[in-house]
Number of protein chains: 2
Amino acid sequence: MQKVISYISENNDRYIEELKDFLRIPSISALPENKSDMNNCAEFVAGKLRDAGMNRVQVYQTEGHPIVYGEWLGAPGKPTILFYGHYDVQPVDPIELWNNPPFEPVINDGKIWARGATDDKGQVLVHIKSVEAFFKANGSLPLNVKFLLEGEEEIGSESLAPFIAQNKDMLKSDVVLISDTSLFAKGVPTITYGLRGLCYMEVEVIGPNKDLHSGSFGGAVANPVNVLAQMIAKLHDKNGKIAIPEFYKDVLNLTKKERESFKKLKFSEKKYAKELGVAELMGEKGFSTLERVWARPTLDCNGIFGGFTGSGAKTIIPSKATAKISMRLVPNQDPNKIAKLFTKFFKSLAPKSVKVNVKYLHGGYPVVVPLEHKAIVSGADAMAKAFGKKTVFMREGGSIPIVVDFVKNLNAPAVLMGLGLDSENLHSPNEHFDLNHFRLGIESSAYFIDEFSKD
Amino acid sequence: MQKVISYISENNDRYIEELKDFLRIPSISALPENKSDMNNCAEFVAGKLRDAGMNRVQVYQTEGHPIVYGEWLGAPGKPTILFYGHYDVQPVDPIELWNNPPFEPVINDGKIWARGATDDKGQVLVHIKSVEAFFKANGSLPLNVKFLLEGEEEIGSESLAPFIAQNKDMLKSDVVLISDTSLFAKGVPTITYGLRGLCYMEVEVIGPNKDLHSGSFGGAVANPVNVLAQMIAKLHDKNGKIAIPEFYKDVLNLTKKERESFKKLKFSEKKYAKELGVAELMGEKGFSTLERVWARPTLDCNGIFGGFTGSGAKTIIPSKATAKISMRLVPNQDPNKIAKLFTKFFKSLAPKSVKVNVKYLHGGYPVVVPLEHKAIVSGADAMAKAFGKKTVFMREGGSIPIVVDFVKNLNAPAVLMGLGLDSENLHSPNEHFDLNHFRLGIESSAYFIDEFSKD
């Protein structure tokens, strides 16, 4: 390993130049005018995989943007890692807020500034370069590797799930390693071992058959906005628990070890609240903020609309009111089951004087990998070696649907070795990536290859 | 009176022709391109007042559209009636839904079809023609009359309130007679003797300083939409009463006589609910629907907005949520006082984790004229004579701000002798006016002049 780590150290400047080349390609998946940039970027990535030593590299055309696949299977009997990442980036609007043109990477303050720097080009290159380092330093890899790099992550990964389902054998692996999330804090090695799922509903409360004059009709009929508000209010009890019957039935409670490990994390509720601009935090009673966000199910209105919302006054009783209501789920809740429970309960809250429609827009399963799993242990050890600190374990409150696709289709655990920081403006102007994390990431990836190759 | 009524009968066809001329002028107050039509219409009305025998007629220019005034004060010592109405009309969109061009009046099925037919040109002409009939038939009037006809009723009557305030002496009168509302039902003589007031609020609940990802932050902070819903839910108790402390303190309860008179009205809750498309009506317990709409205060959300409301799913915790909430008030509630009570109570409902802004957008006072008042009794008797039926008494759930302006500035009771029907498509395509009500209206107005002239 010493030779590999030395090689990484010696080649760091070149890696940064290669990252710059990668960042110069405006691979915005959402915009039709960037279609040829997407193809160029896929070819660029394929070239990097070849340079890194992959002996089979292929660019697969899809209905959307190409999927780039590469493999080296020269270690029979040894485990296989599947590296996943994406080469597409978010649009750059509002362009006027960028300090530098988004596709002209600049190095400043130890960071590289460009669209895609942290999400996800910087983190993708990390793994390609760690593999390359093994070949250059040792001439070989101690295990098998596969790369799956898509170009539609920022637009819903529509082509990916069918691709995975159709290529299960090709993608078969013992672990899926993903670097597309964040470190708990700057310089703190972090493994994310759980994600929440999602159940997203749309509800509609319909009253009179048209907007009514609130003077002529106020007092005669149920007002759909007032009724919807009353129904939403009943979705939580006074302790902040979700009031849907059987909602918590399948919830896998946090283990003592997990709660203790969360408690040890440096996290200031006061600072967090201040950053969000709120006087105090709020949520389900009996749980810390990190527990609530990472490992407890929640219910939030994502939007609400009804009646007159322009400036000034319009005196109507709206004919209807709608809301988007989504629930974050934790293992082992099933989004389809939760959708049914929600629908039944929500409808039961309505007075006879209104009609209620409930639509299940979409759902995603929660995921958790036990802390004791070899993949998690190897990941934690690898990062600890590179960063020179003990690795912390976190979960992520959001959902990453592709992780579920991997886990369900390949029956392999996912290790989220995120190297970004939440503060690195992903999806916003002035995106950047800490170059120290870039280097430590390459080392972590190399140590992971080493660790995971051992029995 | 026999001669006056005969004259009205004999001249009915001519009246209809004059109404057609009136309806041909596209006096849309809202549209700048109809400015000269507005002036033409004001001159037309002034001419009609001169023809009717007014000995002083003046068109007053305002910052908006002209106010037409006319008077005949040839009966010293006798009471004075002030007739109010408006010569402006609503826009005609959507024009494609009209069966006939809106400014080419057509007679069909005993009705005249054109924009402004019922609101308010037909009802304005009624009073001009009843006065004319007195002069033509008897050579004189048994009391003094004044006409105040504005051109901004459909756009907020902005010039009228200052005009009234500045011309109190000129406008001084013993009763204000207004025909700009509706009969309780076809052929049923109706006096409206009360109007509700209004207190219109805008509220804002502010949580985090930006929209947050509902995955990464769901469970950490109070969601402004959920909080707003919970706050709105607390504005009513389970009996449909408004939960604001002291809200009902100044409410003048319905008299036994009023409740009995409402009870006698032919009103089918079932039919009413069916027309509104609701399975059942709903409101404050212990009161009939007519009582609730006409004479009980109510609280309705007129609009609500927050977060993502487009199609599909966006997983955010919105930074803020807003609602328009208005209350209909009854005598003797004071809108300014109610605004303060609402603000105090609403703010008290908020958890510490959000900020709340409450804005008082505008208010209007409720009005009621006692059923025993001479003006009400004369109006009821006059309509009963013309229609050949007992007059019914109703209130109106909406507010008519100008009525309050008259009552407060002139200290005179207002009698609402509405001759329209709610079904006559005012403000909609295919507006019309029942020609039978037009004729009976002229007779009612004549009888009122006769009745009100008596001591």
# chains A, B, ... in the order shown; residues from 1 in each chain; ligands from 1
>>> residues_around(residues="segment 64-77 of chain B", least_positions_apart="5", cutoff="6 Å", atoms="only C-alpha atoms", output="mmCIF file with C-alpha atoms, in the first residue's frame")
data_model
loop_
_atom_site.group_PDB
_atom_site.id
_atom_site.type_symbol
_atom_site.label_atom_id
_atom_site.label_comp_id
_atom_site.auth_asym_id
_atom_site.auth_seq_id
_atom_site.Cartn_x
_atom_site.Cartn_y
_atom_site.Cartn_z
ATOM 1 C CA MET B 54 -85.040 67.311 -12.283
ATOM 2 C CA ASN B 55 -84.456 71.055 -12.155
ATOM 3 C CA ARG B 56 -80.775 70.865 -11.326
ATOM 4 C CA VAL B 57 -78.619 68.285 -13.027
ATOM 5 C CA GLN B 58 -74.855 68.265 -12.936
ATOM 6 C CA VAL B 59 -72.115 65.965 -14.165
ATOM 7 C CA LEU B 143 -91.681 65.012 -1.822
ATOM 8 C CA ASN B 144 -88.148 66.020 -2.752
ATOM 9 C CA VAL B 145 -85.841 63.765 -4.707
ATOM 10 C CA LYS B 146 -82.130 63.593 -5.336
ATOM 11 C CA PHE B 147 -80.245 61.243 -7.640
ATOM 12 C CA LEU B 148 -76.636 60.231 -7.180
ATOM 13 C CA LEU B 149 -75.416 57.974 -9.979
ATOM 14 C CA GLU B 150 -71.787 56.944 -10.088
ATOM 15 C CA GLY B 151 -69.567 55.363 -12.720
#
>>> interface_residues(of="chain B", to="chain A", cutoff="6 Å", atoms="only C-alpha atoms", output="ChimeraX atom specification")
/B:208-209,215-222,229-230,233,276-283,289,292-293,298,302-309,316-317,353,397-398
>>> select_by_dssp(residues="segment 61-291 of chain B", states="alpha helix (DSSP H)", output="PyMOL selection string")
chain B and resi 122-138+160-166+168-171+214-217+224-233+256-264+269-276+289-291
>>> residues_around(residues="Pro91 of chain B", least_positions_apart="5", cutoff="10 Å", atoms="only C-alpha atoms", output="compact mmCIF listing (two decimals) with N, CA and C atoms, in the first residue's frame")
# COMPACT_ATOMS: atom_id res chain seq x y z
N PRO B 26 -71.32 51.07 -24.10
CA PRO B 26 -70.42 50.11 -23.41
C PRO B 26 -69.65 50.78 -22.27
N SER B 27 -70.34 51.08 -21.22
CA SER B 27 -69.74 51.85 -20.12
C SER B 27 -69.00 50.93 -19.14
N ILE B 28 -67.91 50.35 -19.64
CA ILE B 28 -67.08 49.45 -18.82
C ILE B 28 -66.07 50.31 -18.06
N SER B 29 -66.26 50.46 -16.79
CA SER B 29 -65.43 51.38 -16.01
C SER B 29 -63.99 50.89 -15.87
N ALA B 30 -63.79 49.58 -15.98
CA ALA B 30 -62.47 49.01 -15.72
C ALA B 30 -61.49 49.24 -16.87
N LEU B 31 -62.01 49.49 -18.08
CA LEU B 31 -61.12 49.53 -19.25
C LEU B 31 -60.83 50.95 -19.72
N PRO B 102 -72.85 41.65 -26.20
CA PRO B 102 -73.25 42.19 -24.90
C PRO B 102 -73.83 43.60 -24.93
N ARG B 115 -75.13 43.30 -21.24
CA ARG B 115 -74.29 43.65 -20.09
C ARG B 115 -74.88 44.88 -19.40
N GLY B 116 -75.07 44.80 -18.09
CA GLY B 116 -75.60 45.92 -17.32
C GLY B 116 -77.11 45.89 -17.15
N GLU B 154 -68.21 49.31 -10.14
CA GLU B 154 -67.60 48.02 -10.46
C GLU B 154 -66.08 48.03 -10.25
N HIS B 427 -72.19 40.07 -13.69
CA HIS B 427 -70.73 39.85 -13.77
C HIS B 427 -70.35 38.67 -14.66
N SER B 428 -71.31 38.02 -15.31
CA SER B 428 -71.04 36.84 -16.14
C SER B 428 -71.59 37.07 -17.55
N PRO B 429 -71.26 36.17 -18.46
CA PRO B 429 -71.86 36.28 -19.79
C PRO B 429 -73.38 36.10 -19.72
>>> residues_around(residues="Leu125 of chain B", least_positions_apart="5", cutoff="9 Å", atoms="only C-alpha atoms", output="list in words")
Tyr15, Glu18, Leu19, Phe22, Val45, Lys48, Asp120, Ser130, Phe438 and Ile442 of chain B
>>> write_last_selection(atoms="N, CA and C atoms", output="PDB file, in the first residue's frame")
ATOM      1  N   TYR B  15     -90.279  52.831 -22.178  1.00  0.00           N
ATOM      2  CA  TYR B  15     -89.256  52.639 -21.143  1.00  0.00           C
ATOM      3  C   TYR B  15     -88.248  51.577 -21.577  1.00  0.00           C
ATOM      4  N   GLU B  18     -85.927  52.949 -24.074  1.00  0.00           N
ATOM      5  CA  GLU B  18     -84.925  53.813 -23.427  1.00  0.00           C
ATOM      6  C   GLU B  18     -83.861  52.974 -22.706  1.00  0.00           C
ATOM      7  N   LEU B  19     -84.323  51.884 -22.113  1.00  0.00           N
ATOM      8  CA  LEU B  19     -83.367  50.984 -21.442  1.00  0.00           C
ATOM      9  C   LEU B  19     -82.392  50.407 -22.474  1.00  0.00           C
ATOM     10  N   PHE B  22     -79.765  52.873 -23.251  1.00  0.00           N
ATOM     11  CA  PHE B  22     -78.852  52.923 -22.102  1.00  0.00           C
ATOM     12  C   PHE B  22     -77.854  51.746 -22.182  1.00  0.00           C
ATOM     13  N   VAL B  45     -77.231  59.708 -18.918  1.00  0.00           N
ATOM     14  CA  VAL B  45     -77.962  59.632 -17.659  1.00  0.00           C
ATOM     15  C   VAL B  45     -78.430  61.026 -17.230  1.00  0.00           C
ATOM     16  N   LYS B  48     -81.430  61.925 -19.112  1.00  0.00           N
ATOM     17  CA  LYS B  48     -82.620  61.211 -18.614  1.00  0.00           C
ATOM     18  C   LYS B  48     -83.160  61.883 -17.347  1.00  0.00           C
ATOM     19  N   ASP B 120     -76.289  47.761 -13.426  1.00  0.00           N
ATOM     20  CA  ASP B 120     -77.397  48.193 -12.600  1.00  0.00           C
ATOM     21  C   ASP B 120     -78.301  49.101 -13.408  1.00  0.00           C
ATOM     22  N   SER B 130     -89.983  56.349 -12.598  1.00  0.00           N
ATOM     23  CA  SER B 130     -91.086  56.531 -11.641  1.00  0.00           C
ATOM     24  C   SER B 130     -91.250  58.015 -11.320  1.00  0.00           C
ATOM     25  N   PHE B 438     -88.842  44.823 -14.042  1.00  0.00           N
ATOM     26  CA  PHE B 438     -88.564  46.207 -14.463  1.00  0.00           C
ATOM     27  C   PHE B 438     -89.835  47.056 -14.276  1.00  0.00           C
ATOM     28  N   ILE B 442     -90.703  49.963 -11.355  1.00  0.00           N
ATOM     29  CA  ILE B 442     -91.093  51.372 -11.559  1.00  0.00           C
ATOM     30  C   ILE B 442     -92.324  51.679 -10.697  1.00  0.00           C
TER      31      ILE B 442
END
>>> atom_distance(atom1="atom CA of Ile5 of chain A", atom2="atom CA of Ala114 of chain A")
27.0 Å
>>> select_by_dssp(residues="segment 175-332 of chain B", states="strand (DSSP E)", output="MDAnalysis selection string")
chainID B and resid 175:178 190:195 197:206 212:213 298:307 316:317 320:329
>>> atom_distance(atom1="atom CA of Lys136 of chain B", atom2="atom CA of Gly379 of chain B")
22.8 Å
>>> residues_around(residues="Phe387 of chain A", least_positions_apart="2", cutoff="9 Å", atoms="only C-alpha atoms", output="PyMOL selection string")
chain A and resi 187-189+382-385+389-391+437+440-441+443-444
>>> write_last_selection(atoms="C-alpha atoms", output="PDB file, in the first residue's frame")
ATOM      1  CA  GLY A 187     -11.861  16.690   7.705  1.00  0.00           C
ATOM      2  CA  VAL A 188     -14.061  14.162   9.510  1.00  0.00           C
ATOM      3  CA  PRO A 189     -14.085  10.728   7.846  1.00  0.00           C
ATOM      4  CA  ALA A 382     -10.141   2.920   5.005  1.00  0.00           C
ATOM      5  CA  MET A 383     -11.280   6.467   5.649  1.00  0.00           C
ATOM      6  CA  ALA A 384      -9.756   6.453   9.131  1.00  0.00           C
ATOM      7  CA  LYS A 385      -6.375   5.537   7.674  1.00  0.00           C
ATOM      8  CA  LYS A 389      -9.024  10.138  12.512  1.00  0.00           C
ATOM      9  CA  LYS A 390     -11.723   7.816  13.713  1.00  0.00           C
ATOM     10  CA  THR A 391     -14.538   7.484  11.202  1.00  0.00           C
ATOM     11  CA  HIS A 437     -10.869  15.979   0.590  1.00  0.00           C
ATOM     12  CA  LEU A 440      -7.843  12.091   1.035  1.00  0.00           C
ATOM     13  CA  GLY A 441     -10.712  10.612  -0.953  1.00  0.00           C
ATOM     14  CA  GLU A 443      -6.377   7.543  -0.554  1.00  0.00           C
ATOM     15  CA  SER A 444      -9.565   6.359   1.180  1.00  0.00           C
TER      16      SER A 444
END
>>> residues_around(residues="Leu252 of chain B", least_positions_apart="5", cutoff="8 Å", atoms="only C-alpha atoms", output="MDAnalysis selection string")
chainID B and resid 330:332
>>> residues_around(residues="Lys121 of chain A", least_positions_apart="6", cutoff="10 Å", atoms="only C-alpha atoms", output="ChimeraX atom specification")
/A:19-20,22-23,45,85-89,115,179-180,433
